[in-house]
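Below: one structure, written as C-alpha cells.
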Amino acid sequence: MKKAPLWLLFLWRLEEEKGFDLIFDFINQYPNKELPFELYIFWSWSYEQGLLELSYRFKQIHYFWWKPLIEVERYLDNIDYCLMPSKFLETFWLSAINVLKRWIPVIWFKKGGLIPFIQDRYDISQCKWSSDFSKFSEMILKLQEEKENNTSTFYKDLAKSSILTASKYTKEKRFENFKLLSSDLKGKKIVMVSDFINKIWGIETYIHDVKEILEKEGYEVKLFWNTCPKWRRGKYKKLFWIWIGLFNIIDAIKFRAFIRKENPDLIRYHSMIRWMGWMPLYFTRNYKAKKWMMYHDFWYFTPYPHKLYETKGLEKLTFKNYLNLAHTKNPLKLLMVSWKYASLNLLIHQLKNQIDLHLTPSEFMVPIVSKAFWISKEKVKAFNHFLQD
C-alpha cells in the first residue's frame, strides 16, 4: 500500500531572512515536474514572482498569497510539518505558537526566542552539514523518512506535544503574569505608546490584543499613536522616520499633553525607535506614573536586525560595537548607522533612567537587555507573548 505523501506548510514572508531562499533553492534542484512532497505556502514578498514560476512547474506547490489565520486553518488537516527556517535571531515568533496550537510541529533553527518551541529532532542546526542549505536539505530527507516509517499514532502523539507547548502561551496565563508584575499598581488606567498603532505588523496587532484583554478585565486603556501604511510603503516609512525621530519634538509635545489629560497609573512603551524617538519620554520624565518598556525586537541593539544571526556584539551597546554590527564599509551606510546610534543612545538614556520595569518577550533576552543597557537584572523580566485567536 502506497504511503500518503509528505505535506508541508510555510507561513510567513517570502524573504531570505525568513529562510525562504532555502526552500526556493531546494525546490529548484528538482529537474522534473514532480516533488516528493506537497507544499502549502501563504504570504508574499520578494520571492513571490519566483514562487509563481515554480508553481507553474510543480503541481505540488500550492500558493495562496496572504490569508488570515482563520482561512489558513481550512488547509491544515493534512499538514505534517511547518517549515519556518528563519536564519536570523528571533526574539519570539507568534507564528510558531499559532502553528503549534493547530497541532503542527515546527521545523526551525533552534536558537534565540525559538528555543522553547523546537523539538531537538526538528532543529535544523543539529544536522551534520556545514552550510544552511545542506542542513535544510538533510532535514527534509529526514522528514520524508519519518513519514514513511511512522504510523498515524506517531503523528497523534506529535500533535499532542505541539498543542501542549502552545498551551503555555494563552491569554489567560499572560494576564496572570501581568497581575504579578503590576501588583503594586495603584489604579487601573493604562496608556500604551508605540511608533505605530494601526494593525500593520505583529507589534501593532499585539498592542490591540493586549488592549482588548485588559479592558475585559476592567482596565481603562488608551493608545497614543501614529499611523503607518501597509506593506512596502510602511517599511520605507519606518526606515525613513528613524532618522527624523532624533528631533521628534512635535509628537513629544502632543504626548505630554495627552499624558496630562489622561493621568494614567501605568505607561507601557512598546516600539519607540522607528518614529517616536527619545523626546516623548524626556518631555514626560517628571510624570509619576509607573513606566514599563517592552523590547519586541532587536532594533534597540543592532542597526540591521534582519542580519543578526547570533548575540555576539550585543553585550555592550558601544559606538564601536554598533558600527561593527552593520557589517559594511560603505561611508553612506556608516553615516546612517551613526545617526541611528545617536538617536538610540538618547532613547536608551531615557529608558535607563525612567523605566521601572524592562520587559522581554523571551527569557534569553533578559541578560542581553541587562548587559547592553547596564540595568539591574531585577528590573528586567520575561513577559512572553500569547496565542492569537
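Within each chain, counting starts at residue 1; across the C-alpha cells, chains are named A, B, ... in the order shown, with ligands numbered 1 upward in that order.
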
Please tabulate, as CSV, the residues of range 288-357 of chain A that come within 9 Å of range 181-204 of chain A, each with its closest pair of atoms and the distance in Å to one decimal, counting only C-alpha atoms and ordering rows by chain, then residue number upward.
```
residue,atom,partner,partner_atom,distance
A:Lys290,CA,A:Leu185,CA,7.5
A:His296,CA,A:Ile203,CA,7.0
A:Leu357,CA,A:Leu181,CA,8.7
```

Would you pick out the contacts of Tyr341 in chain A at 9 Å or less, using only C-alpha atoms, so that residues sharing its chain but fewer than 4 positions from it are not included, and give the list as a list of chain:residue names?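 The neighbour list is A:Thr302, A:Pro303, A:Phe319, A:Tyr322, A:Leu323, A:Met336, A:Val337, A:Asn345, A:Leu346.
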
For Lys111 in chain A: contacts at 10 Å, only C-alpha atoms, fewer than 2 positions along chain excluded, given as an MDAnalysis selection string: chainID A and resid 87:91 108:109 113:118 123 125 309:310 364

Write a file of the just-selected residues containing N, CA and C atoms, as a tab-separated table (two decimals), in the first residue's frame.
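And here is the file that came out, result34.tsv:
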```tsv
chain	number	residue	atom	x	y	z
A	87	LYS	N	16.80	32.16	9.55
A	87	LYS	CA	18.21	32.02	9.90
A	87	LYS	C	18.66	33.09	10.89
A	88	PHE	N	17.99	34.25	10.89
A	88	PHE	CA	18.44	35.29	11.80
A	88	PHE	C	17.80	35.12	13.17
A	89	LEU	N	18.28	35.88	14.13
A	89	LEU	CA	17.88	35.70	15.53
A	89	LEU	C	16.51	36.32	15.77
A	90	GLU	N	15.57	35.49	16.20
A	90	GLU	CA	14.22	35.95	16.51
A	90	GLU	C	14.09	36.18	18.01
A	91	THR	N	13.36	37.21	18.40
A	91	THR	CA	13.11	37.43	19.82
A	91	THR	C	11.99	36.51	20.32
A	108	TRP	N	12.80	24.34	12.46
A	108	TRP	CA	13.46	25.64	12.57
A	108	TRP	C	14.90	25.48	13.04
A	109	PHE	N	15.64	26.59	13.00
A	109	PHE	CA	16.94	26.66	13.67
A	109	PHE	C	16.66	26.99	15.13
A	113	GLY	N	14.75	33.27	20.70
A	113	GLY	CA	13.42	33.18	21.27
A	113	GLY	C	12.65	31.95	20.84
A	114	LEU	N	13.22	31.15	19.92
A	114	LEU	CA	12.51	29.96	19.43
A	114	LEU	C	12.88	28.70	20.18
A	115	ILE	N	13.81	28.78	21.10
A	115	ILE	CA	14.28	27.59	21.80
A	115	ILE	C	13.15	26.78	22.45
A	116	PRO	N	12.16	27.42	23.10
A	116	PRO	CA	11.10	26.61	23.74
A	116	PRO	C	10.17	25.90	22.76
A	117	PHE	N	10.18	26.29	21.49
A	117	PHE	CA	9.17	25.80	20.55
A	117	PHE	C	9.65	24.66	19.64
A	118	ILE	N	10.96	24.43	19.59
A	118	ILE	CA	11.50	23.48	18.63
A	118	ILE	C	11.99	22.23	19.34
A	123	ASP	N	15.35	20.47	14.97
A	123	ASP	CA	16.27	21.61	14.97
A	123	ASP	C	17.20	21.48	13.77
A	125	SER	N	19.70	23.22	12.87
A	125	SER	CA	21.12	23.48	13.15
A	125	SER	C	21.87	22.23	13.61
A	309	TYR	N	22.53	37.14	13.44
A	309	TYR	CA	22.47	35.69	13.48
A	309	TYR	C	22.89	35.11	14.83
A	310	GLU	N	23.51	35.94	15.69
A	310	GLU	CA	23.95	35.49	16.99
A	310	GLU	C	24.01	36.69	17.94
A	364	PHE	N	15.67	34.41	27.01
A	364	PHE	CA	17.06	34.57	26.60
A	364	PHE	C	17.46	36.03	26.41
```

Can you check which residues of range 83-301 of chain A DSSP gives as strand (DSSP E or B) on the backbone and send them as a ChimeraX atom specification? /A:83,106-108,123,189-193,220-224,266-269,290-294

Find the residues around Tyr295 in chain A up to 7 Å (only C-alpha atoms counted), leave out those fewer than 4 positions away in its own chain, and share them as a list of chain:residue names.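 Once the adjacent positions are removed, what remains is A:His270, A:Leu359, A:Thr360.
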
Saved selection, atoms kept: C-alpha atoms, as a PDB file, in the first residue's frame:
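Result went into result_37.pdb, see below:
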```pdb
ATOM      1  CA  HIS A 270       6.485  49.459  23.043  1.00  0.00           C
ATOM      2  CA  LEU A 359      10.153  43.508  29.610  1.00  0.00           C
ATOM      3  CA  THR A 360      11.329  40.999  27.005  1.00  0.00           C
TER       4      THR A 360
END
```

Closest atom pairs, residues of range 56-98 of chain A within 8 Å of range 11-25 of chain A, only C-alpha atoms, as JSON lines:
```
{"residue": "A:Cys82", "atom": "CA", "partner": "A:Leu11", "partner_atom": "CA", "distance": 7.7}
{"residue": "A:Leu83", "atom": "CA", "partner": "A:Leu11", "partner_atom": "CA", "distance": 7.8}
{"residue": "A:Met84", "atom": "CA", "partner": "A:Gly19", "partner_atom": "CA", "distance": 7.0}
{"residue": "A:Pro85", "atom": "CA", "partner": "A:Gly19", "partner_atom": "CA", "distance": 4.7}
{"residue": "A:Ser86", "atom": "CA", "partner": "A:Lys18", "partner_atom": "CA", "distance": 4.0}
{"residue": "A:Lys87", "atom": "CA", "partner": "A:Gly19", "partner_atom": "CA", "distance": 5.8}
{"residue": "A:Phe88", "atom": "CA", "partner": "A:Glu17", "partner_atom": "CA", "distance": 6.2}
{"residue": "A:Ser95", "atom": "CA", "partner": "A:Leu11", "partner_atom": "CA", "distance": 7.5}
```

Residues of the last selection are to be written out with C-alpha atoms, as a PDB file, in the first residue's frame.
```
ATOM      1  CA  CYS A  82       5.529  23.624   9.231  1.00  0.00           C
ATOM      2  CA  LEU A  83       8.764  24.905   7.672  1.00  0.00           C
ATOM      3  CA  MET A  84       9.974  28.122   9.282  1.00  0.00           C
ATOM      4  CA  PRO A  85      13.724  28.024   8.619  1.00  0.00           C
ATOM      5  CA  SER A  86      14.428  31.608   9.701  1.00  0.00           C
ATOM      6  CA  LYS A  87      18.208  32.024   9.905  1.00  0.00           C
ATOM      7  CA  PHE A  88      18.440  35.292  11.800  1.00  0.00           C
ATOM      8  CA  SER A  95       3.562  32.343  14.021  1.00  0.00           C
TER       9      SER A  95
END
```

Range 255-263 of chain A environment, 7 Å, only C-alpha atoms, sequence neighbours closer than 4 positions dropped, as a list in words: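 Skipping anything fewer than 4 positions along the chain leaves Asp251, Pro280, Phe283 and Thr284 of chain A.
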
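Closest to Lys288 in chain A among A:Glu315, A:Glu217, A:Asp356, A:Glu145 is A:Asp356, based on only C-alpha atoms.
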
To test your reading of the structure, identify every residue in range 18-206 of chain A that backbone DSSP assigns to alpha helix (DSSP H), and report it as number ranges by chain. A: 20-28, 48-57, 69-72, 94-101, 132-149, 152-166, 171-181, 202-206

Please provide as a PyMOL selection string all residues within 8 Å of range 29-33 of chain A, with the sequence filter that same-chain residues fewer than 6 positions apart are discarded (counting only C-alpha atoms). chain A and resi 57-59

Write out as a list in words which residues come within 6 Å of Phe37 in chain A when counting only C-alpha atoms, dropping same-chain ones fewer than 4 positions away. Pro5, Leu6 and Trp7 of chain A

Convert the current residue selection to file output with C-alpha atoms, as an mmCIF file, in the first residue's frame.
```
data_model
loop_
_atom_site.group_PDB
_atom_site.id
_atom_site.type_symbol
_atom_site.label_atom_id
_atom_site.label_comp_id
_atom_site.auth_asym_id
_atom_site.auth_seq_id
_atom_site.Cartn_x
_atom_site.Cartn_y
_atom_site.Cartn_z
ATOM 1 C CA PRO A 5 2.850 11.978 0.657
ATOM 2 C CA LEU A 6 4.622 14.394 2.981
ATOM 3 C CA TRP A 7 2.620 17.614 3.441
#
```

Which one is closest to Leu54 in chain A: A:Leu39, A:Ala252, A:Met365, A:Leu214? Count only C-alpha atoms. A:Leu39

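Put simply, CA of Leu141 in chain A is 28.8 Å away from CA of Lys67 in chain A.
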
Can you measure CA of Leu325 in chain A to CA of Ala372 in chain A for me? One decimal in Å is fine.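 Here the two named atoms are 13.8 Å from each other.
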
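Rounded to one decimal, CA of Ile70 in chain A and CA of Ser152 in chain A lie 25.4 Å from each other.
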